[in-house]
file coords_20.csv (CSV, C-alpha atoms and all ligand atoms)
chain,number,residue,atom,x,y,z
A,269,MET,CA,-22.1,3.1,10.1
A,270,LYS,CA,-20.7,2.8,6.6
A,271,TYR,CA,-16.9,3.3,6.4
A,272,LEU,CA,-16.7,3.3,10.2
A,273,ALA,CA,-17.9,-0.1,11.3
A,274,GLU,CA,-14.9,-1.9,9.8
A,275,TYR,CA,-12.7,0.2,12.2
A,276,ARG,CA,-14.7,-1.1,15.1
A,277,ASP,CA,-14.6,-4.7,14.1
A,278,ALA,CA,-13.8,-6.8,17.2
A,279,GLU,CA,-12.2,-9.6,15.2
A,280,LEU,CA,-9.8,-7.2,13.4
A,281,VAL,CA,-9.0,-5.4,16.7
A,282,HIS,CA,-8.3,-8.7,18.5
A,283,SER,CA,-6.1,-10.0,15.7
A,284,THR,CA,-4.1,-6.8,15.7
A,285,ILE,CA,-3.7,-7.1,19.5
A,286,ALA,CA,-2.5,-10.7,19.0
A,287,LYS,CA,0.2,-9.3,16.6
A,288,ILE,CA,1.2,-6.8,19.4
A,289,LYS,CA,1.5,-9.7,21.8
A,290,GLU,CA,3.7,-11.6,19.3
A,291,THR,CA,5.9,-8.6,18.8
A,292,VAL,CA,6.5,-7.3,22.3
A,293,SER,CA,9.4,-8.6,24.3
A,294,GLN,CA,9.9,-6.0,27.0
A,295,PRO,CA,8.0,-3.2,28.8
A,296,TRP,CA,7.2,0.0,26.8
A,297,THR,CA,5.4,3.2,27.7
A,298,LEU,CA,3.5,4.9,25.0
A,299,MET,CA,1.5,8.1,25.0
A,300,GLU,CA,-1.5,8.9,22.9
A,301,ILE,CA,-1.4,12.6,22.5
A,302,CYS,CA,-5.1,13.3,21.7
A,303,GLY,CA,-8.0,13.4,24.2
A,304,GLY,CA,-10.2,11.8,21.5
A,305,GLN,CA,-7.9,8.9,21.4
A,306,THR,CA,-7.8,8.7,25.3
A,307,HIS,CA,-11.6,8.7,25.2
A,308,SER,CA,-11.7,5.8,22.7
A,309,ILE,CA,-9.1,3.8,24.5
A,310,ILE,CA,-10.9,4.0,27.9
A,311,LYS,CA,-14.4,3.6,26.4
A,312,ASN,CA,-13.4,0.5,24.5
A,313,GLY,CA,-11.2,-0.9,27.2
A,314,LEU,CA,-8.3,-1.2,24.7
A,315,ASP,CA,-5.6,-0.6,27.4
A,316,GLN,CA,-7.0,-3.6,29.3
A,317,LEU,CA,-6.8,-5.8,26.2
A,318,LEU,CA,-3.1,-5.0,25.6
A,319,PRO,CA,-0.3,-7.2,26.9
A,320,ASP,CA,1.0,-6.2,30.4
A,321,GLU,CA,4.2,-5.0,28.8
A,322,ILE,CA,2.4,-2.1,27.1
A,323,GLU,CA,1.5,0.9,29.3
A,324,LEU,CA,-0.6,3.7,27.8
A,325,VAL,CA,-0.3,7.1,29.3
A,326,HIS,CA,-2.5,10.0,28.3
A,327,GLY,CA,-1.3,13.2,26.7
A,328,PRO,CA,-2.3,16.8,26.7
A,329,GLY,CA,-4.3,16.8,23.5
A,330,CYS,CA,-7.7,17.8,24.9
A,331,PRO,CA,-8.3,21.4,23.8
A,332,VAL,CA,-10.9,22.2,26.5
A,333,CYS,CA,-8.6,20.7,29.2
A,334,VAL,CA,-5.5,22.8,28.3
A,335,THR,CA,-7.3,26.1,27.8
A,336,PRO,CA,-5.9,28.1,30.8
A,337,LEU,CA,-8.2,29.2,33.6
A,338,GLU,CA,-7.4,32.9,33.0
A,339,LEU,CA,-8.6,32.5,29.4
A,340,ILE,CA,-12.0,31.2,30.8
A,341,ASP,CA,-12.0,34.2,33.1
A,342,LYS,CA,-11.4,36.5,30.2
A,343,ALA,CA,-14.2,34.9,28.3
A,344,LEU,CA,-16.5,35.4,31.3
A,345,ALA,CA,-15.4,39.1,31.6
A,346,ILE,CA,-16.2,39.7,28.0
A,347,ALA,CA,-19.5,37.8,28.0
A,348,SER,CA,-20.7,39.7,31.0
A,349,GLN,CA,-20.5,43.1,29.2
A,350,PRO,CA,-23.7,44.7,27.8
A,351,ASP,CA,-24.0,44.9,24.0
A,352,VAL,CA,-21.8,41.7,23.6
A,353,ILE,CA,-23.0,38.5,22.0
A,354,PHE,CA,-20.5,35.8,23.1
A,355,THR,CA,-20.4,32.7,20.9
A,356,SER,CA,-18.7,29.4,21.6
A,357,TYR,CA,-18.8,25.7,20.9
A,358,GLY,CA,-21.1,24.1,23.4
A,359,ASP,CA,-18.5,22.2,25.4
A,360,MET,CA,-16.9,25.4,26.7
A,361,LEU,CA,-20.1,26.7,28.4
A,362,ARG,CA,-19.8,24.5,31.5
A,363,VAL,CA,-16.1,24.9,31.9
A,364,PRO,CA,-15.7,26.6,35.3
A,365,GLY,CA,-13.6,29.8,35.6
A,366,SER,CA,-12.4,31.0,38.9
A,367,GLN,CA,-15.9,32.1,40.0
A,368,ALA,CA,-18.5,31.1,37.3
A,369,ASP,CA,-19.0,29.6,33.9
A,370,LEU,CA,-20.6,30.7,30.7
A,371,PHE,CA,-23.9,29.0,31.6
A,372,SER,CA,-24.2,31.1,34.7
A,373,ILE,CA,-23.3,34.3,32.8
A,374,ARG,CA,-26.2,33.4,30.5
A,375,ALA,CA,-28.5,32.8,33.4
A,376,GLN,CA,-27.6,36.2,34.7
A,377,GLY,CA,-28.7,37.8,31.4
A,378,GLY,CA,-25.6,37.6,29.3
A,379,ASP,CA,-26.1,36.9,25.6
A,380,VAL,CA,-24.1,33.7,25.3
A,381,ARG,CA,-24.9,31.5,22.3
A,382,VAL,CA,-23.7,28.1,21.1
A,383,VAL,CA,-22.6,27.9,17.5
A,384,TYR,CA,-21.3,25.1,15.4
A,385,SER,CA,-18.8,27.1,13.4
A,386,PRO,CA,-17.0,30.5,13.7
A,387,LEU,CA,-18.8,31.3,10.4
A,388,ASP,CA,-22.1,31.1,12.3
A,389,ALA,CA,-20.7,33.7,14.7
A,390,LEU,CA,-19.7,35.9,11.8
A,391,LYS,CA,-23.2,35.7,10.4
A,392,ILE,CA,-24.6,36.7,13.9
A,393,ALA,CA,-22.3,39.7,13.7
A,394,GLN,CA,-23.6,40.7,10.3
A,395,GLU,CA,-27.2,40.4,11.6
A,396,ASN,CA,-26.5,42.4,14.7
A,397,PRO,CA,-24.4,45.5,13.6
A,398,ASN,CA,-25.1,47.3,16.9
A,399,LYS,CA,-23.6,44.5,19.0
A,400,GLU,CA,-20.0,43.3,19.5
A,401,VAL,CA,-19.9,39.6,18.5
A,402,VAL,CA,-17.0,37.5,19.9
A,403,PHE,CA,-16.1,33.8,19.1
A,404,PHE,CA,-14.2,31.7,21.6
A,405,ALA,CA,-11.5,30.4,19.3
A,406,ILE,CA,-9.8,27.6,21.3
A,407,GLY,CA,-8.2,24.4,20.1
A,408,PHE,CA,-5.3,22.7,18.4
A,409,GLU,CA,-4.2,22.9,14.8
A,410,THR,CA,-7.5,21.2,13.8
A,411,THR,CA,-9.8,24.1,14.5
A,412,ALA,CA,-7.4,26.8,13.3
A,413,PRO,CA,-8.4,26.8,9.6
A,414,ALA,CA,-12.1,27.5,10.3
A,415,ASN,CA,-11.1,30.3,12.8
A,416,VAL,CA,-8.8,32.0,10.3
A,417,MET,CA,-11.4,31.6,7.6
A,418,SER,CA,-13.9,33.6,9.7
A,419,ILE,CA,-11.3,36.4,10.1
A,420,LEU,CA,-10.5,36.5,6.4
A,421,GLN,CA,-14.2,36.6,5.6
A,422,ALA,CA,-14.8,39.4,8.2
A,423,GLU,CA,-12.0,41.4,6.5
A,424,GLN,CA,-13.4,40.8,3.0
A,425,LEU,CA,-17.0,41.7,4.1
A,426,LYS,CA,-15.8,44.6,6.2
A,427,VAL,CA,-17.6,43.3,9.3
A,428,SER,CA,-16.0,45.4,12.1
A,429,ASN,CA,-18.1,44.2,15.1
A,430,TYR,CA,-16.6,40.6,15.0
A,431,SER,CA,-13.6,39.5,17.0
A,432,ILE,CA,-12.1,36.2,18.4
A,433,LEU,CA,-10.8,35.3,21.8
A,434,VAL,CA,-7.8,33.1,20.8
A,435,SER,CA,-6.3,30.2,22.7
A,436,HIS,CA,-4.7,28.1,20.0
A,437,VAL,CA,-2.0,25.5,20.9
A,438,ARG,CA,0.1,23.2,18.8
A,439,VAL,CA,1.1,19.6,19.4
A,440,PRO,CA,4.8,19.4,18.4
A,441,PRO,CA,6.1,21.9,21.1
A,442,ALA,CA,4.1,19.9,23.7
A,443,ILE,CA,5.7,16.7,22.6
A,444,GLU,CA,9.2,18.3,22.9
A,445,THR,CA,8.3,19.6,26.4
A,446,ILE,CA,7.3,16.1,27.5
A,447,LEU,CA,10.4,14.5,26.0
A,448,GLY,CA,12.7,17.2,27.5
A,449,SER,CA,11.4,16.7,31.0
A,450,PRO,CA,13.7,14.9,33.5
A,451,ASN,CA,10.6,12.9,34.6
A,452,ASN,CA,9.7,11.7,31.1
A,453,ARG,CA,8.6,8.1,30.9
A,454,VAL,CA,7.3,8.1,27.3
A,455,GLN,CA,9.1,5.9,24.8
A,456,GLY,CA,6.8,6.2,21.8
A,457,PHE,CA,4.0,8.5,20.7
A,458,LEU,CA,0.7,8.1,18.9
A,459,ALA,CA,0.3,11.4,17.2
A,460,ALA,CA,-3.1,12.9,16.7
A,461,GLY,CA,-4.6,12.0,13.3
A,462,HIS,CA,-6.9,15.0,12.8
A,463,VAL,CA,-4.1,17.5,13.7
A,464,CYS,CA,-1.9,15.8,11.1
A,465,ALA,CA,-4.7,15.8,8.5
A,466,VAL,CA,-4.2,19.6,8.6
A,467,MET,CA,-0.5,20.0,9.3
A,468,GLY,CA,0.9,16.8,7.9
A,469,TYR,CA,3.7,15.0,9.9
A,470,TRP,CA,6.8,16.7,8.5
A,471,GLU,CA,7.1,18.6,11.8
A,472,TYR,CA,7.5,15.3,13.7
A,473,LEU,CA,10.5,14.0,11.7
A,474,PRO,CA,13.1,16.2,13.4
A,475,ILE,CA,11.6,15.5,16.8
A,476,ALA,CA,11.8,11.7,16.3
A,477,LYS,CA,15.4,12.0,15.1
A,478,LYS,CA,16.5,14.4,17.9
A,479,TYR,CA,14.9,12.3,20.8
A,480,GLN,CA,15.4,8.9,19.1
A,481,ILE,CA,11.7,8.1,19.6
A,482,PRO,CA,9.2,6.5,17.3
A,483,ILE,CA,6.0,8.4,16.5
A,484,SER,CA,3.0,6.9,14.7
A,485,VAL,CA,0.2,9.1,13.3
A,486,THR,CA,-2.9,7.4,14.6
A,487,GLY,CA,-6.7,7.7,14.1
A,488,PHE,CA,-9.5,7.4,16.6
A,489,GLU,CA,-11.4,4.2,16.0
A,490,PRO,CA,-10.4,1.1,18.0
A,491,LEU,CA,-8.7,-0.5,15.0
A,492,ASP,CA,-6.8,2.7,14.2
A,493,ILE,CA,-5.5,2.9,17.7
A,494,VAL,CA,-4.3,-0.7,18.0
A,495,GLN,CA,-2.7,-0.4,14.6
A,496,GLY,CA,-0.8,2.8,15.8
A,497,ILE,CA,0.3,0.9,18.9
A,498,LEU,CA,1.5,-2.1,16.8
A,499,ASP,CA,3.4,0.2,14.4
A,500,THR,CA,5.1,1.9,17.4
A,501,VAL,CA,5.9,-1.3,19.2
A,502,GLU,CA,7.4,-2.8,16.0
A,503,SER,CA,9.7,0.3,15.8
A,504,LEU,CA,10.7,0.1,19.5
A,505,GLU,CA,11.5,-3.6,19.3
A,506,ALA,CA,13.6,-3.0,16.2
A,507,GLY,CA,15.5,-0.2,18.0
A,508,GLU,CA,14.3,2.3,15.4
A,509,SER,CA,12.7,5.8,15.6
A,510,PRO,CA,10.7,6.5,12.5
A,511,VAL,CA,7.6,8.6,12.0
A,512,LYS,CA,5.0,6.1,10.6
A,513,ASN,CA,1.7,7.1,9.1
A,514,SER,CA,-0.8,4.6,10.6
A,515,TYR,CA,-3.8,6.8,9.4
A,516,ILE,CA,-3.2,6.9,5.7
A,517,ARG,CA,-6.9,7.3,4.8
A,518,ALA,CA,-6.8,10.9,6.2
A,519,VAL,CA,-3.1,12.0,6.5
A,520,THR,CA,-0.3,12.8,4.1
A,521,GLU,CA,3.2,14.0,5.1
A,522,GLN,CA,2.7,17.5,3.9
A,523,GLY,CA,-0.9,17.9,5.1
A,524,ASN,CA,-3.4,20.5,3.8
A,525,LYS,CA,-1.2,23.2,2.3
A,526,ALA,CA,-4.0,25.6,1.6
A,527,ALA,CA,-5.1,25.4,5.3
A,528,GLN,CA,-1.5,25.9,6.4
A,529,GLN,CA,-1.2,29.0,4.2
A,530,SER,CA,-4.4,30.5,5.6
A,531,ILE,CA,-3.1,29.9,9.1
A,532,ASN,CA,0.2,31.5,8.4
A,533,ARG,CA,-1.5,34.6,6.8
A,534,VAL,CA,-3.6,35.3,9.9
A,535,PHE,CA,-1.7,33.9,12.9
A,536,GLU,CA,1.8,34.1,14.2
A,537,SER,CA,3.7,31.8,16.7
A,538,CYS,CA,3.6,32.8,20.4
A,539,ASP,CA,4.3,31.4,23.8
A,540,ARG,CA,1.2,29.8,25.3
A,541,LYS,CA,0.3,28.7,28.8
A,542,TRP,CA,-1.3,25.2,29.0
A,543,ARG,CA,-3.7,24.6,31.8
A,544,GLY,CA,-2.1,22.1,34.2
A,545,ILE,CA,1.3,22.3,32.5
A,546,GLY,CA,2.3,26.0,32.4
A,547,LEU,CA,4.1,28.1,29.8
A,548,ILE,CA,5.5,26.3,26.7
A,549,PRO,CA,7.6,28.5,24.4
A,550,ASN,CA,6.3,28.9,20.9
A,551,SER,CA,3.5,26.5,21.5
A,552,GLY,CA,0.6,28.5,20.2
A,553,TRP,CA,-0.7,31.0,17.7
A,554,ARG,CA,-2.2,34.5,18.1
A,555,LEU,CA,-3.4,37.0,15.6
A,556,ASN,CA,-0.6,38.8,13.8
A,557,SER,CA,-0.3,42.6,13.8
A,558,ALA,CA,-2.2,42.8,10.4
A,559,TYR,CA,-5.2,41.2,12.0
A,560,ALA,CA,-4.9,42.6,15.6
A,561,ASP,CA,-8.2,44.5,15.2
A,562,PHE,CA,-10.0,41.2,15.4
A,563,ASP,CA,-8.3,40.3,18.7
A,564,ALA,CA,-11.0,40.3,21.5
A,565,GLU,CA,-8.4,40.4,24.2
A,566,GLN,CA,-7.2,43.7,23.0
A,567,ARG,CA,-10.6,45.0,22.0
A,568,PHE,CA,-12.0,44.4,25.5
A,569,ASN,CA,-8.8,45.1,27.3
A,570,VAL,CA,-8.8,41.8,29.3
A,571,GLN,CA,-5.1,40.9,28.8
A,572,ALA,CA,-4.2,41.5,32.5
A,573,ILE,CA,-6.6,38.9,34.0
A,574,GLU,CA,-4.8,36.2,36.0
A,575,ALA,CA,-6.1,33.1,37.8
A,576,GLU,CA,-4.9,30.4,40.3
A,577,GLU,CA,-5.5,26.6,39.8
A,578,SER,CA,-6.7,24.4,42.6
A,579,PRO,CA,-3.7,23.3,44.7
A,580,LEU,CA,-5.3,19.8,45.0
A,581,CYS,CA,-5.2,19.1,41.2
A,582,ILE,CA,-2.3,17.0,39.7
A,583,SER,CA,-3.6,17.3,36.1
A,584,GLY,CA,-0.3,18.7,35.0
A,585,LEU,CA,1.3,15.4,35.9
A,586,VAL,CA,-1.6,13.5,34.3
A,587,LEU,CA,-1.2,15.5,31.1
A,588,GLN,CA,2.5,14.6,31.0
A,589,GLY,CA,1.9,10.9,31.5
A,590,ILE,CA,3.6,10.9,34.9
A,591,LYS,CA,0.5,10.0,37.0
A,592,LYS,CA,-2.8,8.3,36.2
A,593,PRO,CA,-6.2,10.0,37.2
A,594,ALA,CA,-6.9,7.5,40.0
A,595,GLU,CA,-3.7,8.5,41.7
A,596,CYS,CA,-5.2,11.9,42.4
A,597,GLU,CA,-6.7,12.1,46.0
A,598,ALA,CA,-9.6,14.2,44.7
A,599,PHE,CA,-10.6,11.8,41.9
A,600,GLY,CA,-14.2,10.9,42.1
A,601,ASN,CA,-14.9,12.5,45.4
A,602,LEU,CA,-13.9,16.2,45.5
A,603,CYS,CA,-13.5,16.2,41.8
A,604,THR,CA,-16.2,14.9,39.4
A,605,PRO,CA,-17.5,15.9,35.9
A,606,GLU,CA,-20.3,17.8,37.7
A,607,ASN,CA,-17.8,19.6,40.0
A,608,PRO,CA,-14.4,19.6,38.2
A,609,LEU,CA,-11.4,20.9,40.1
A,610,GLY,CA,-9.0,20.7,37.2
A,611,ALA,CA,-8.4,20.6,33.5
A,612,THR,CA,-8.7,16.9,32.8
A,613,MET,CA,-12.0,16.4,34.5
A,614,VAL,CA,-13.6,19.3,32.6
A,615,SER,CA,-14.1,17.9,29.2
A,616,ASP,CA,-15.4,14.5,28.0
A,617,GLU,CA,-12.0,14.1,26.3
A,618,GLY,CA,-10.1,14.7,29.5
A,619,ALA,CA,-8.3,11.6,31.0
A,620,CYS,CA,-9.9,12.1,34.4
A,621,ALA,CA,-13.4,12.4,32.9
A,622,ALA,CA,-12.9,9.3,30.7
A,623,TYR,CA,-11.7,7.2,33.7
A,624,TYR,CA,-14.6,8.5,35.8
A,625,ARG,CA,-17.2,7.8,33.1
A,626,TYR,CA,-16.0,4.4,31.8
A,627,ARG,CA,-14.2,2.8,34.8
A,628,ASN,CA,-17.3,3.3,37.0
A,629,GLN,CA,-19.5,1.1,34.9
A,630,PRO,CA,-19.1,-2.4,33.2
A,631,ALA,CA,-16.8,-1.9,30.3
A,632,GLU,CA,-19.0,-4.0,27.9
A,633,ASN,CA,-21.8,-1.4,28.3
A,634,ALA,CA,-19.4,1.3,27.0
A,635,ARG,CA,-17.7,-0.4,24.1
A,636,ASP,CA,-18.1,0.5,20.5
A,637,ILE,CA,-16.2,-2.5,19.1
A,638,LYS,CA,-18.6,-5.0,17.7
A,701,LIG,S1,-9.2,14.1,39.4
A,701,LIG,FE1,-9.6,16.3,39.3
A,701,LIG,S2,-8.3,17.3,40.8
A,701,LIG,FE2,-7.5,15.2,40.3
A,701,LIG,S3,-6.0,15.5,38.6
A,701,LIG,FE3,-8.0,15.0,37.7
A,701,LIG,S4,-8.9,17.0,37.3
A,701,LIG,FE4,-7.2,17.4,38.8
call {"tool": "encode", "arguments": {"input": "coords_20.csv", "output": "structure tokens"}}
result
Amino acid sequence: MKYLAEYRDAELVHSTIAKIKETVSQPWTLMEICGGQTHSIIKNGLDQLLPDEIELVHGPGCPVCVTPLELIDKALAIASQPDVIFTSYGDMLRVPGSQADLFSIRAQGGDVRVVYSPLDALKIAQENPNKEVVFFAIGFETTAPANVMSILQAEQLKVSNYSILVSHVRVPPAIETILGSPNNRVQGFLAAGHVCAVMGYWEYLPIAKKYQIPISVTGFEPLDIVQGILDTVESLEAGESPVKNSYIRAVTEQGNKAAQQSINRVFESCDRKWRGIGLIPNSGWRLNSAYADFDAEQRFNVQAIEAEESPLCISGLVLQGIKKPAECEAFGNLCTPENPLGATMVSDEGACAAYYRYRNQPAENARDIK
């Protein structure tokens, strides 16, 4: 594929790994924040190509994984109601709630539709004025601009039968939570390139300074990832803690200012519960009071729904880089992608799902690097 193949070039990947081997002199533990990066690392076997001194642990940056169980239950409660059209990206339909998933609600007669954008959901609302149309607005900073755009358009077009069920989380508070934990093992971070394309990396500068930890903004292709690792290892070996931009083709320090202004107009900061981790103060966004009419939780009065995670699941430890998926007793037997018990087996981007999928088959069958 044009403009992508060069970032999967095996020769370039191996020569960058050779530079990492020349640079490293002691063990370092790095965390890639994003589930897309975890998927790429495991799919391409990059962790197995690195020198023994470098351990990669997998962070909480998979939006499907960290959406709390009670939010899924709230979605199911709304989608079960008559006169509701519940819209969502496809990957949320098979995520199990406490008793069911959106697929089974649809099988029982609920009007659950897959859309590719919240603007598609808004169009459905315009076409169905006698129905309530809800969009499941989950994700990190990356998906926030499109979600707020649908609210601003609904306001402008006076579409009153449209609302969103919001579960937005942000990366910097999660990094601070991991670094502030007494069990923290992470010595350097690969920040998520697509998040930084929206938000820039200015928010990471005080974190790197406060915790004396290097952070490299990193993309998703194999060459992007090994370059981010090389930049981080060079910082660690030099005893420095800068924020480096290893994804300059997509990211600037200030990010997309217009997108940030739209987000700040519609959302406000709030505490959010992360599935598998728990409550992180100021780690998410919700609709502010000016746009509360578009809040599906309030419109359908589902705020009080609570849920309990499986006691077998250690995904909270996996998402903080403390344990690897295979250290979970349920991995691959009681817990599989078809029957997930916890957050990180739910999505393709989850660490447990990536290990299950790519460590159960010959790695060369799975690799993209050419
Ligand atoms: S294998 Fe399943 S039960 Fe174990 S940590 Fe992963 S998601 Fe949780």
call {"tool": "closest_atom_pairs", "arguments": {"input": "coords_20.csv", "of": "range 296-410 of chain A", "to": "range 434-445 of chain A", "cutoff": "9 Å", "atoms": "all atoms listed in the file", "output": "Markdown table"}}
result
| residue | atom | partner | partner_atom | distance |
| --- | --- | --- | --- | --- |
| A:Ile301 | CA | A:Val439 | CA | 8.1 |
| A:Gly327 | CA | A:Ile443 | CA | 8.8 |
| A:Pro328 | CA | A:Ala442 | CA | 7.7 |
| A:Gly329 | CA | A:Val439 | CA | 7.3 |
| A:Pro331 | CA | A:Val437 | CA | 8.1 |
| A:Val334 | CA | A:Val437 | CA | 8.6 |
| A:Thr335 | CA | A:Ser435 | CA | 6.6 |
| A:Pro336 | CA | A:Ser435 | CA | 8.4 |
| A:Leu339 | CA | A:Ser435 | CA | 7.4 |
| A:Phe403 | CA | A:Val434 | CA | 8.5 |
| A:Phe404 | CA | A:Val434 | CA | 6.6 |
| A:Ala405 | CA | A:Val434 | CA | 4.8 |
| A:Ile406 | CA | A:Ser435 | CA | 4.6 |
| A:Gly407 | CA | A:His436 | CA | 5.1 |
| A:Phe408 | CA | A:Val437 | CA | 5.0 |
| A:Glu409 | CA | A:Arg438 | CA | 5.9 |
call {"tool": "atom_distance", "arguments": {"input": "coords_20.csv", "atom1": "CA of Ile432 in chain A", "atom2": "CA of Ser615 in chain A"}}
result
21.3 Å
call {"tool": "closest_residue", "arguments": {"input": "coords_20.csv", "among": "A:Lys525, A:Lys592, A:Arg627, A:Arg554", "to": "Asn415 in chain A", "atoms": "only C-alpha atoms"}}
result
A:Arg554
call {"tool": "residues_around", "arguments": {"input": "coords_20.csv", "residues": "Asn550 in chain A", "least_positions_apart": "4", "cutoff": "8 Å", "atoms": "only C-alpha atoms", "output": "tab-separated table (two decimals) with C-alpha atoms, in the frame of the given file"}}
result
chain	number	residue	atom	x	y	z
A	441	PRO	CA	6.10	21.90	21.10
A	537	SER	CA	3.70	31.80	16.70
A	538	CYS	CA	3.60	32.80	20.40
A	539	ASP	CA	4.30	31.40	23.80
A	540	ARG	CA	1.20	29.80	25.30
call {"tool": "closest_residue", "arguments": {"input": "coords_20.csv", "among": "A:Tyr275, A:Tyr384, A:Tyr624, A:Trp553", "to": "ligand LIG 701 (chain A)", "atoms": "all atoms listed in the file"}}
result
A:Tyr624
call {"tool": "residues_around", "arguments": {"input": "coords_20.csv", "residues": "Ala506 in chain A", "least_positions_apart": "3", "cutoff": "12 Å", "atoms": "all atoms listed in the file", "output": "PyMOL selection string"}}
result
chain A and resi 291-294+481-482+499-503+509-510
call {"tool": "write_last_selection", "arguments": {"input": "coords_20.csv", "atoms": "C-alpha atoms", "output": "mmCIF file, keeping the file's coordinate frame"}}
result
data_model
loop_
_atom_site.group_PDB
_atom_site.id
_atom_site.type_symbol
_atom_site.label_atom_id
_atom_site.label_comp_id
_atom_site.auth_asym_id
_atom_site.auth_seq_id
_atom_site.Cartn_x
_atom_site.Cartn_y
_atom_site.Cartn_z
ATOM 1 C CA THR A 291 5.900 -8.600 18.800
ATOM 2 C CA VAL A 292 6.500 -7.300 22.300
ATOM 3 C CA SER A 293 9.400 -8.600 24.300
ATOM 4 C CA GLN A 294 9.900 -6.000 27.000
ATOM 5 C CA ILE A 481 11.700 8.100 19.600
ATOM 6 C CA PRO A 482 9.200 6.500 17.300
ATOM 7 C CA ASP A 499 3.400 0.200 14.400
ATOM 8 C CA THR A 500 5.100 1.900 17.400
ATOM 9 C CA VAL A 501 5.900 -1.300 19.200
ATOM 10 C CA GLU A 502 7.400 -2.800 16.000
ATOM 11 C CA SER A 503 9.700 0.300 15.800
ATOM 12 C CA SER A 509 12.700 5.800 15.600
ATOM 13 C CA PRO A 510 10.700 6.500 12.500
#
call {"tool": "atom_distance", "arguments": {"input": "coords_20.csv", "atom1": "CA of Thr297 in chain A", "atom2": "CA of Cys603 in chain A"}}
result
26.9 Å
call {"tool": "residues_near_ligand", "arguments": {"input": "coords_20.csv", "ligand": "ligand LIG 701 (chain A)", "cutoff": "6 Å", "atoms": "all atoms listed in the file", "output": "number ranges by chain"}}
result
A: 580-583, 593, 596, 598-599, 603, 608-613, 620
call {"tool": "write_last_selection", "arguments": {"input": "coords_20.csv", "atoms": "C-alpha atoms", "output": "compact mmCIF listing (two decimals), in the coordinates of the input"}}
result
# COMPACT_ATOMS: atom_id res chain seq x y z
CA LEU A 580 -5.30 19.80 45.00
CA CYS A 581 -5.20 19.10 41.20
CA ILE A 582 -2.30 17.00 39.70
CA SER A 583 -3.60 17.30 36.10
CA PRO A 593 -6.20 10.00 37.20
CA CYS A 596 -5.20 11.90 42.40
CA ALA A 598 -9.60 14.20 44.70
CA PHE A 599 -10.60 11.80 41.90
CA CYS A 603 -13.50 16.20 41.80
CA PRO A 608 -14.40 19.60 38.20
CA LEU A 609 -11.40 20.90 40.10
CA GLY A 610 -9.00 20.70 37.20
CA ALA A 611 -8.40 20.60 33.50
CA THR A 612 -8.70 16.90 32.80
CA MET A 613 -12.00 16.40 34.50
CA CYS A 620 -9.90 12.10 34.40
call {"tool": "closest_atom_pairs", "arguments": {"input": "coords_20.csv", "of": "range 508-553 of chain A", "to": "range 455-474 of chain A", "cutoff": "7 Å", "atoms": "all atoms listed in the file", "output": "CSV"}}
result
residue,atom,partner,partner_atom,distance
A:Val511,CA,A:Leu473,CA,6.1
A:Tyr515,CA,A:Gly461,CA,6.5
A:Ala518,CA,A:Ala465,CA,5.8
A:Val519,CA,A:Ala465,CA,4.6
A:Thr520,CA,A:Gly468,CA,5.6
A:Glu521,CA,A:Gly468,CA,4.6
A:Gln522,CA,A:Gly468,CA,4.4
A:Gly523,CA,A:Gly468,CA,3.5
A:Asn524,CA,A:Val466,CA,4.9
A:Ala527,CA,A:Val466,CA,6.7
A:Gln528,CA,A:Met467,CA,6.6
call {"tool": "residues_around", "arguments": {"input": "coords_20.csv", "residues": "Pro350 in chain A", "least_positions_apart": "2", "cutoff": "12 Å", "atoms": "only C-alpha atoms", "output": "number ranges by chain"}}
result
A: 345-348, 352-354, 373-374, 376-380, 398-401, 568
call {"tool": "closest_residue", "arguments": {"input": "coords_20.csv", "among": "A:Leu344, A:Val454, A:Val382, A:Leu547", "to": "Pro295 in chain A", "atoms": "all atoms listed in the file"}}
result
A:Val454
call {"tool": "atom_distance", "arguments": {"input": "coords_20.csv", "atom1": "CA of Ala343 in chain A", "atom2": "CA of Ile573 in chain A"}}
result
10.3 Å
call {"tool": "closest_residue", "arguments": {"input": "coords_20.csv", "among": "A:Glu423, A:Glu290, A:Glu536, A:Glu338", "to": "Asn556 in chain A", "atoms": "all atoms listed in the file"}}
result
A:Glu536
call {"tool": "closest_residue", "arguments": {"input": "coords_20.csv", "among": "A:Leu280, A:Cys302, A:Cys333, A:Leu390", "to": "Trp542 in chain A", "atoms": "all atoms listed in the file"}}
result
A:Cys333
call {"tool": "closest_residue", "arguments": {"input": "coords_20.csv", "among": "A:Pro319, A:Asp341, A:Met299, A:Ile309", "to": "Glu576 in chain A", "atoms": "all atoms listed in the file"}}
result
A:Asp341
